[in-house]
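Next up, query-v8.txt (compact mmCIF, C-alpha atoms):
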```txt
# COMPACT_ATOMS: atom_id res chain seq x y z
CA MET A 205 95.91 139.50 68.55
CA SER A 206 98.87 140.66 66.43
CA THR A 207 100.10 144.25 66.46
CA LEU A 208 98.69 144.71 62.95
CA ASP A 209 95.30 143.43 64.07
CA LYS A 210 95.33 145.75 67.10
CA ASP A 211 96.30 148.68 64.90
CA GLN A 212 93.41 147.99 62.54
CA ALA A 213 90.96 147.43 65.39
CA TYR A 214 91.61 150.95 66.67
CA SER A 215 91.99 152.65 63.28
CA PRO A 216 88.74 154.50 62.51
CA SER A 217 89.95 155.28 58.99
CA HIS A 218 90.24 151.53 58.29
CA PHE A 219 86.45 151.28 58.69
CA ALA A 220 85.59 154.56 56.94
CA THR A 221 85.43 155.81 53.38
CA GLN A 222 86.44 159.20 51.98
CA VAL A 223 88.02 160.38 55.23
CA ASP A 224 90.00 163.18 53.60
CA ALA A 225 86.96 164.38 51.67
CA THR A 226 84.84 164.37 54.82
CA LEU A 227 87.36 166.38 56.82
CA ALA A 228 87.81 168.82 53.94
CA ARG A 229 84.04 169.27 53.62
CA GLN A 230 83.71 169.97 57.32
CA ALA A 231 86.61 172.44 57.25
CA ASP A 232 85.05 174.25 54.28
CA ALA A 233 81.71 174.44 56.08
CA GLY A 234 83.42 175.85 59.16
CA ARG A 235 85.22 178.53 57.17
CA ALA A 236 81.98 179.46 55.41
CA LEU A 237 80.19 179.82 58.74
CA VAL A 238 82.99 182.00 60.15
CA ALA A 239 82.71 184.22 57.08
CA ARG A 240 79.00 184.86 57.54
CA HIS A 241 78.76 184.70 61.34
CA SER A 242 81.96 186.07 62.81
CA PRO A 243 82.87 184.37 66.10
CA ILE A 244 84.54 185.87 69.15
CA ALA A 245 88.07 184.48 68.93
CA GLY A 246 90.49 184.10 71.79
CA ARG A 247 93.10 181.94 73.46
CA ALA A 248 92.92 180.08 76.74
CA THR A 249 96.71 180.23 77.23
CA VAL A 250 99.74 181.73 75.48
CA SER A 251 99.82 178.69 73.19
CA PRO A 252 98.23 179.33 69.77
CA ALA A 253 96.82 175.80 69.89
CA THR A 254 94.50 176.76 72.75
CA ARG A 255 92.50 179.11 70.58
CA PHE A 256 88.73 179.08 70.75
CA ASN A 257 85.96 180.35 68.52
CA LEU A 258 82.81 181.41 70.32
CA PHE A 259 79.71 181.75 68.15
CA VAL A 260 76.98 183.85 69.77
CA PRO A 261 73.38 183.90 68.52
CA ASP A 262 71.73 187.11 67.43
CA GLY A 263 69.66 188.86 70.07
CA ASP A 264 70.09 189.14 73.80
CA GLY A 265 71.40 186.54 76.23
CA PRO A 266 71.81 184.65 78.37
CA TRP A 267 72.05 181.49 76.31
CA THR A 268 72.79 177.83 76.69
CA LEU A 269 76.46 177.31 75.80
CA MET A 270 77.70 174.19 74.03
CA VAL A 271 81.47 173.74 74.28
CA PHE A 272 82.95 171.12 71.96
CA ILE A 273 86.37 169.43 71.92
CA HIS A 274 87.77 168.06 68.67
CA GLY A 275 89.25 164.60 68.18
CA GLY A 276 92.27 163.40 66.24
CA TYR A 277 93.71 160.77 68.62
CA TRP A 278 95.34 163.54 70.70
CA GLN A 279 97.76 164.19 67.81
CA GLU A 280 95.87 165.80 64.92
CA LEU A 281 93.44 168.63 64.03
CA ASP A 282 92.64 171.83 65.89
CA ALA A 283 89.67 173.80 67.22
CA THR A 284 88.57 174.93 63.76
CA ALA A 285 87.77 171.31 62.85
CA THR A 286 84.47 171.60 64.73
CA ASP A 287 83.50 175.17 63.82
CA PHE A 288 80.96 173.81 61.33
CA LEU A 289 78.96 172.30 64.18
CA ALA A 290 78.07 175.76 65.46
CA GLN A 291 75.43 176.26 62.77
CA ARG A 292 73.00 173.73 64.24
CA TYR A 293 73.32 175.24 67.72
CA LEU A 294 72.96 178.81 66.52
CA ALA A 295 69.78 177.73 64.71
CA ARG A 296 68.42 176.64 68.09
CA GLY A 297 69.34 179.87 69.83
CA MET A 298 72.39 178.37 71.56
CA ALA A 299 75.95 179.68 71.77
CA PHE A 300 78.73 177.35 70.62
CA ALA A 301 82.46 177.30 71.36
CA SER A 302 85.04 175.14 69.62
CA ILE A 303 88.15 174.87 71.80
CA GLY A 304 91.66 173.66 71.07
CA TYR A 305 94.71 172.24 72.80
CA ASP A 306 98.33 171.35 72.13
CA LEU A 307 98.96 167.92 70.64
CA ALA A 308 101.16 164.90 71.26
CA PRO A 309 104.08 164.40 71.29
CA ASP A 310 104.59 168.03 72.36
CA VAL A 311 102.44 167.73 75.48
CA SER A 312 100.89 165.00 77.60
CA ILE A 313 97.19 164.12 77.75
CA GLU A 314 97.15 165.57 81.28
CA THR A 315 98.28 168.90 79.85
CA MET A 316 95.59 168.68 77.16
CA ILE A 317 92.96 168.18 79.86
CA GLU A 318 94.21 171.25 81.72
CA GLN A 319 94.20 173.30 78.54
CA CYS A 320 90.66 172.20 77.71
CA MET A 321 89.55 173.19 81.21
CA GLN A 322 91.11 176.59 80.61
CA GLY A 323 89.43 176.75 77.20
CA LEU A 324 86.04 176.05 78.74
CA ALA A 325 86.59 178.75 81.35
CA ALA A 326 87.80 181.26 78.74
CA ALA A 327 84.82 180.63 76.46
CA PHE A 328 82.44 180.91 79.39
CA GLN A 329 84.04 184.20 80.43
CA ALA A 330 83.88 185.55 76.89
CA LEU A 331 80.19 184.73 76.67
CA ASP A 332 79.63 186.25 80.10
CA GLU A 333 80.86 189.52 78.63
CA HIS A 334 78.42 189.24 75.70
CA GLY A 335 75.13 188.27 77.31
CA GLY A 336 76.02 185.36 79.58
CA ALA A 337 75.35 181.64 79.81
CA TRP A 338 72.60 180.14 81.95
CA SER A 339 73.58 176.54 81.18
CA ILE A 340 76.70 174.75 79.93
CA LYS A 341 76.75 171.60 77.86
CA LEU A 342 80.07 169.92 77.01
CA GLY A 343 80.80 167.65 74.09
CA GLY A 344 83.68 165.89 72.44
CA HIS A 345 84.43 163.60 69.53
CA SER A 346 86.73 160.56 69.64
CA ALA A 347 89.76 161.53 71.75
CA GLY A 348 87.87 164.75 72.44
CA ALA A 349 85.22 162.71 74.23
CA GLN A 350 87.87 161.40 76.63
CA LEU A 351 89.09 164.96 77.21
CA ALA A 352 85.53 166.21 77.69
CA TYR A 353 84.92 163.56 80.33
CA TRP A 354 87.89 164.69 82.41
CA VAL A 355 87.05 168.35 81.97
CA ALA A 356 83.55 167.64 83.28
CA ARG A 357 85.04 165.82 86.27
CA ARG A 358 87.52 168.54 87.17
CA THR A 359 86.10 171.92 86.18
CA PRO A 360 84.51 174.05 88.89
CA LEU A 361 81.95 175.24 86.33
CA PRO A 362 78.59 173.42 86.40
CA ILE A 363 78.17 171.10 83.40
CA ASP A 364 74.52 170.38 82.64
CA ARG A 365 75.02 167.54 80.13
CA LEU A 366 77.75 165.60 78.34
CA LEU A 367 77.64 164.68 74.64
CA LEU A 368 80.29 162.03 73.89
CA VAL A 369 80.56 161.08 70.22
CA SER A 370 82.48 157.99 69.04
CA GLY A 371 84.55 158.23 72.18
CA VAL A 372 87.65 156.53 73.53
CA PHE A 373 86.73 155.46 77.06
CA ASP A 374 89.47 152.91 77.74
CA LEU A 375 93.02 153.82 76.71
CA ALA A 376 94.58 150.57 77.90
CA PRO A 377 94.04 148.72 74.59
CA LEU A 378 95.83 151.54 72.76
CA VAL A 379 99.13 151.03 74.56
CA ASP A 380 100.27 148.35 72.09
CA THR A 381 99.06 150.19 68.98
CA TYR A 382 100.36 152.87 66.63
CA VAL A 383 98.21 155.40 68.49
CA ASN A 384 100.55 155.27 71.48
CA ALA A 385 103.73 156.14 69.57
CA PRO A 386 103.42 159.91 70.20
CA LEU A 387 101.63 159.45 73.55
CA ASP A 388 104.18 157.09 75.13
CA LEU A 389 101.74 155.82 77.77
CA ASN A 390 102.42 152.83 79.94
CA MET A 391 99.55 150.62 81.07
CA GLU A 392 99.21 152.30 84.46
CA GLN A 393 98.99 155.76 82.88
CA ALA A 394 96.54 154.55 80.26
CA ARG A 395 94.18 153.12 82.87
CA ALA A 396 94.43 156.26 85.00
CA LEU A 397 93.37 158.36 82.00
CA SER A 398 90.48 156.06 81.06
CA PRO A 399 86.94 157.21 81.91
CA LEU A 400 85.89 153.55 82.02
CA HIS A 401 88.18 152.93 84.99
CA ASP A 402 87.17 156.05 86.93
CA ASP A 403 84.52 156.49 89.61
CA LEU A 404 81.60 157.69 87.48
CA SER A 405 79.30 158.70 90.31
CA GLY A 406 78.10 162.28 90.24
CA LEU A 407 78.64 162.69 86.51
CA PRO A 408 76.04 164.82 84.68
CA PRO A 409 73.61 163.08 82.32
CA CYS A 410 75.40 161.65 79.28
CA ARG A 411 74.41 161.04 75.70
CA VAL A 412 76.81 158.54 74.13
CA VAL A 413 76.70 158.60 70.33
CA ILE A 414 78.24 155.90 68.14
CA ALA A 415 78.32 155.60 64.35
CA GLU A 416 77.12 152.41 62.70
CA ASN A 417 80.45 152.13 60.87
CA ASP A 418 82.66 153.01 63.81
CA PRO A 419 85.22 150.25 64.48
CA PRO A 420 83.73 147.35 66.45
CA ALA A 421 86.21 148.16 69.22
CA PHE A 422 84.60 151.60 69.57
CA HIS A 423 81.16 149.98 69.83
CA ARG A 424 82.44 147.70 72.59
CA GLN A 425 83.95 150.64 74.44
CA ALA A 426 80.74 152.67 74.15
CA ASP A 427 78.66 149.77 75.46
CA ALA A 428 81.04 149.10 78.35
CA PHE A 429 81.04 152.77 79.30
CA LEU A 430 77.24 152.95 79.15
CA ALA A 431 76.96 149.90 81.38
CA ALA A 432 79.37 151.51 83.87
CA LEU A 433 77.37 154.76 83.78
CA ALA A 434 74.14 152.91 84.46
CA GLN A 435 75.73 150.99 87.33
CA ALA A 436 76.92 154.31 88.81
CA GLY A 437 73.40 155.73 88.59
CA VAL A 438 74.24 158.29 85.92
CA PRO A 439 71.35 159.08 83.52
CA CYS A 440 72.60 158.02 80.09
CA GLN A 441 71.38 157.40 76.58
CA ARG A 442 72.91 155.37 73.76
CA VAL A 443 72.39 156.73 70.25
CA GLU A 444 73.61 154.74 67.24
CA LEU A 445 73.44 156.64 63.97
CA PRO A 446 73.03 154.54 60.81
CA ASP A 447 74.90 154.85 57.52
CA CYS A 448 77.80 156.93 58.82
CA ASP A 449 81.34 156.39 60.08
CA HIS A 450 83.69 157.77 62.69
CA PHE A 451 84.20 161.00 60.76
CA ASP A 452 80.93 161.95 59.08
CA VAL A 453 78.99 161.09 62.25
CA LEU A 454 79.58 164.70 63.28
CA GLU A 455 77.36 165.78 60.40
CA ARG A 456 74.56 163.48 61.52
CA PHE A 457 74.03 163.63 65.26
```
If you convert what's in this file into C-alpha cells, what do you get?
Amino acid sequence: MSTLDKDQAYSPSHFATQVDATLARQADAGRALVARHSPIAGRATVSPATRFNLFVPDGDGPWTLMVFIHGGYWQELDATATDFLAQRYLARGMAFASIGYDLAPDVSIETMIEQCMQGLAAAFQALDEHGGAWSIKLGGHSAGAQLAYWVARRTPLPIDRLLLVSGVFDLAPLVDTYVNAPLDLNMEQARALSPLHDDLSGLPPCRVVIAENDPPAFHRQADAFLAALAQAGVPCQRVELPDCDHFDVLERF
C-alpha cells in the first residue's frame, strides 16, 4: 500500500462529509449548554490544556459520573469539544466531565495518558465536594478512546464501564502515515501504546461504538479489538450506528 493510500485509509475526514460544520455545530451546542447549565471548571495540572468541565445534575448526589476524553488524533481539539455530550447525561441524572490534555508535538502520548488520569482524579474530587460519585464510567472518542483505555488500566479509581467510540486500538499502522508526523513514534512505541497488543484481562465491561461511515480501517480495528476482548473474557458489546460518520457519531450514540 502506498503512503497516499495509507494516509487515506486512516483519514476519517476522507470518509466524512461536512466535518467543519459538524465540529462547529457541536462546539455551539457545548457553549449553549455551558450558558444555561454552568459547569464546575478546573484544571488537573498547571497546564491550561488540562482543564475540565464538570456538569452536575440538579438535586442531591451521589451520582454516576461519566468522564469523557476528546479525540483529534492526539494533535487537535480540547476538552470543550465534548461539552455538548453532557446534556444527554444530565437528562438521565448523571454527572458528566469533559477533560483535556496537552497535544502533540508538545507532549508525548504517555504524557497525555498521565494528564488524563489526573483529569479523571480531579473531576472525581470536584464531584466528591458537590455530592459525590457512586460509580464512574469512562469514555473516549477516536484517539480519546485509546487514552481512555490506558487511563482505565492505570488509574487507582474503580471504573465501572468503558465507552469507546470510533477508537484507535492499534497504533502500528499509523507509523507510516501523516498522523505520525507530530507523534514521532517508532514501531516498538506504537505497539506498546496499542490497546490491541496489551493484556486485556481484568478490563471493565466495554461498549465499542463504530459509525457506519467510519473508515474501513477503523471497522477492522474495532472488530479485532472486540475479538481480543472476548478472548480475554471481558464483557463487550459492538454497536454500529447507521447513517453517520467519524465525527457526527458523537451526536448519535
Counting only C-alpha atoms, the residue among A:Asn417, A:Ser398, A:Gln291, A:Thr284 that lies closest to A:Leu227 is A:Thr284
Near A:Leu307, counting only C-alpha atoms, which residues have an atom at most 12 Å away, once you skip same-chain residues fewer than 4 positions from it, shown as a PyMOL selection string?
chain A and resi 251-254+274-283+311-317+319-320+347-348+386-387
Output C-alpha atoms of each residue in that selection to a file, as a PDB file, in the coordinates of the input.
```
ATOM      1  CA  SER A 251      99.820 178.690  73.190  1.00  0.00           C
ATOM      2  CA  PRO A 252      98.230 179.330  69.770  1.00  0.00           C
ATOM      3  CA  ALA A 253      96.820 175.800  69.890  1.00  0.00           C
ATOM      4  CA  THR A 254      94.500 176.760  72.750  1.00  0.00           C
ATOM      5  CA  HIS A 274      87.770 168.060  68.670  1.00  0.00           C
ATOM      6  CA  GLY A 275      89.250 164.600  68.180  1.00  0.00           C
ATOM      7  CA  GLY A 276      92.270 163.400  66.240  1.00  0.00           C
ATOM      8  CA  TYR A 277      93.710 160.770  68.620  1.00  0.00           C
ATOM      9  CA  TRP A 278      95.340 163.540  70.700  1.00  0.00           C
ATOM     10  CA  GLN A 279      97.760 164.190  67.810  1.00  0.00           C
ATOM     11  CA  GLU A 280      95.870 165.800  64.920  1.00  0.00           C
ATOM     12  CA  LEU A 281      93.440 168.630  64.030  1.00  0.00           C
ATOM     13  CA  ASP A 282      92.640 171.830  65.890  1.00  0.00           C
ATOM     14  CA  ALA A 283      89.670 173.800  67.220  1.00  0.00           C
ATOM     15  CA  VAL A 311     102.440 167.730  75.480  1.00  0.00           C
ATOM     16  CA  SER A 312     100.890 165.000  77.600  1.00  0.00           C
ATOM     17  CA  ILE A 313      97.190 164.120  77.750  1.00  0.00           C
ATOM     18  CA  GLU A 314      97.150 165.570  81.280  1.00  0.00           C
ATOM     19  CA  THR A 315      98.280 168.900  79.850  1.00  0.00           C
ATOM     20  CA  MET A 316      95.590 168.680  77.160  1.00  0.00           C
ATOM     21  CA  ILE A 317      92.960 168.180  79.860  1.00  0.00           C
ATOM     22  CA  GLN A 319      94.200 173.300  78.540  1.00  0.00           C
ATOM     23  CA  CYS A 320      90.660 172.200  77.710  1.00  0.00           C
ATOM     24  CA  ALA A 347      89.760 161.530  71.750  1.00  0.00           C
ATOM     25  CA  GLY A 348      87.870 164.750  72.440  1.00  0.00           C
ATOM     26  CA  PRO A 386     103.420 159.910  70.200  1.00  0.00           C
ATOM     27  CA  LEU A 387     101.630 159.450  73.550  1.00  0.00           C
TER      28      LEU A 387
END
```
If you measure from atom CA of A:Leu430 to atom CA of A:Leu407, what distance in Å do you get, rounded to one decimal?
12.3 Å
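Summary of the local environment: counting all atoms listed in the file, residues at most 12 Å from A:Gln329, other than itself and those fewer than 2 positions away along its chain, are Ile244, Gly246, Arg247, Ala248, Phe256, Leu258, Leu269, Ala301, Gln322, Gly323, Leu324, Ala325, Ala326, Ala327, Leu331, Asp332, Glu333, His334, Gly335, Gly336, Ala337, Ile340 and Leu361 of chain A.
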Shell around A:Tyr382 at 12 Å using only C-alpha atoms, local window under 3 positions removed, as a PDB file with C-alpha atoms, in the coordinates of the input:
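Generated output (part-v2.pdb):
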```pdb
ATOM      1  CA  THR A 207     100.100 144.250  66.460  1.00  0.00           C
ATOM      2  CA  LEU A 208      98.690 144.710  62.950  1.00  0.00           C
ATOM      3  CA  ASP A 209      95.300 143.430  64.070  1.00  0.00           C
ATOM      4  CA  LYS A 210      95.330 145.750  67.100  1.00  0.00           C
ATOM      5  CA  ASP A 211      96.300 148.680  64.900  1.00  0.00           C
ATOM      6  CA  GLN A 212      93.410 147.990  62.540  1.00  0.00           C
ATOM      7  CA  ALA A 213      90.960 147.430  65.390  1.00  0.00           C
ATOM      8  CA  TYR A 214      91.610 150.950  66.670  1.00  0.00           C
ATOM      9  CA  SER A 215      91.990 152.650  63.280  1.00  0.00           C
ATOM     10  CA  TYR A 277      93.710 160.770  68.620  1.00  0.00           C
ATOM     11  CA  GLN A 279      97.760 164.190  67.810  1.00  0.00           C
ATOM     12  CA  PRO A 377      94.040 148.720  74.590  1.00  0.00           C
ATOM     13  CA  LEU A 378      95.830 151.540  72.760  1.00  0.00           C
ATOM     14  CA  VAL A 379      99.130 151.030  74.560  1.00  0.00           C
ATOM     15  CA  ALA A 385     103.730 156.140  69.570  1.00  0.00           C
ATOM     16  CA  PRO A 386     103.420 159.910  70.200  1.00  0.00           C
ATOM     17  CA  LEU A 387     101.630 159.450  73.550  1.00  0.00           C
ATOM     18  CA  ASP A 388     104.180 157.090  75.130  1.00  0.00           C
ATOM     19  CA  LEU A 389     101.740 155.820  77.770  1.00  0.00           C
TER      20      LEU A 389
END
```
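Taking atom CA of A:Phe300 as the reference point, atom CA of A:His450 is found at 21.7 Å.
Closest approach to A:Asp232 among A:Asn257, A:Gln441, A:Thr249, A:Thr286: A:Thr286, based on all atoms listed in the file.
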In Å, with one decimal, what is the gap from atom CA of A:Leu397 to atom CA of A:Leu289?
26.8 Å
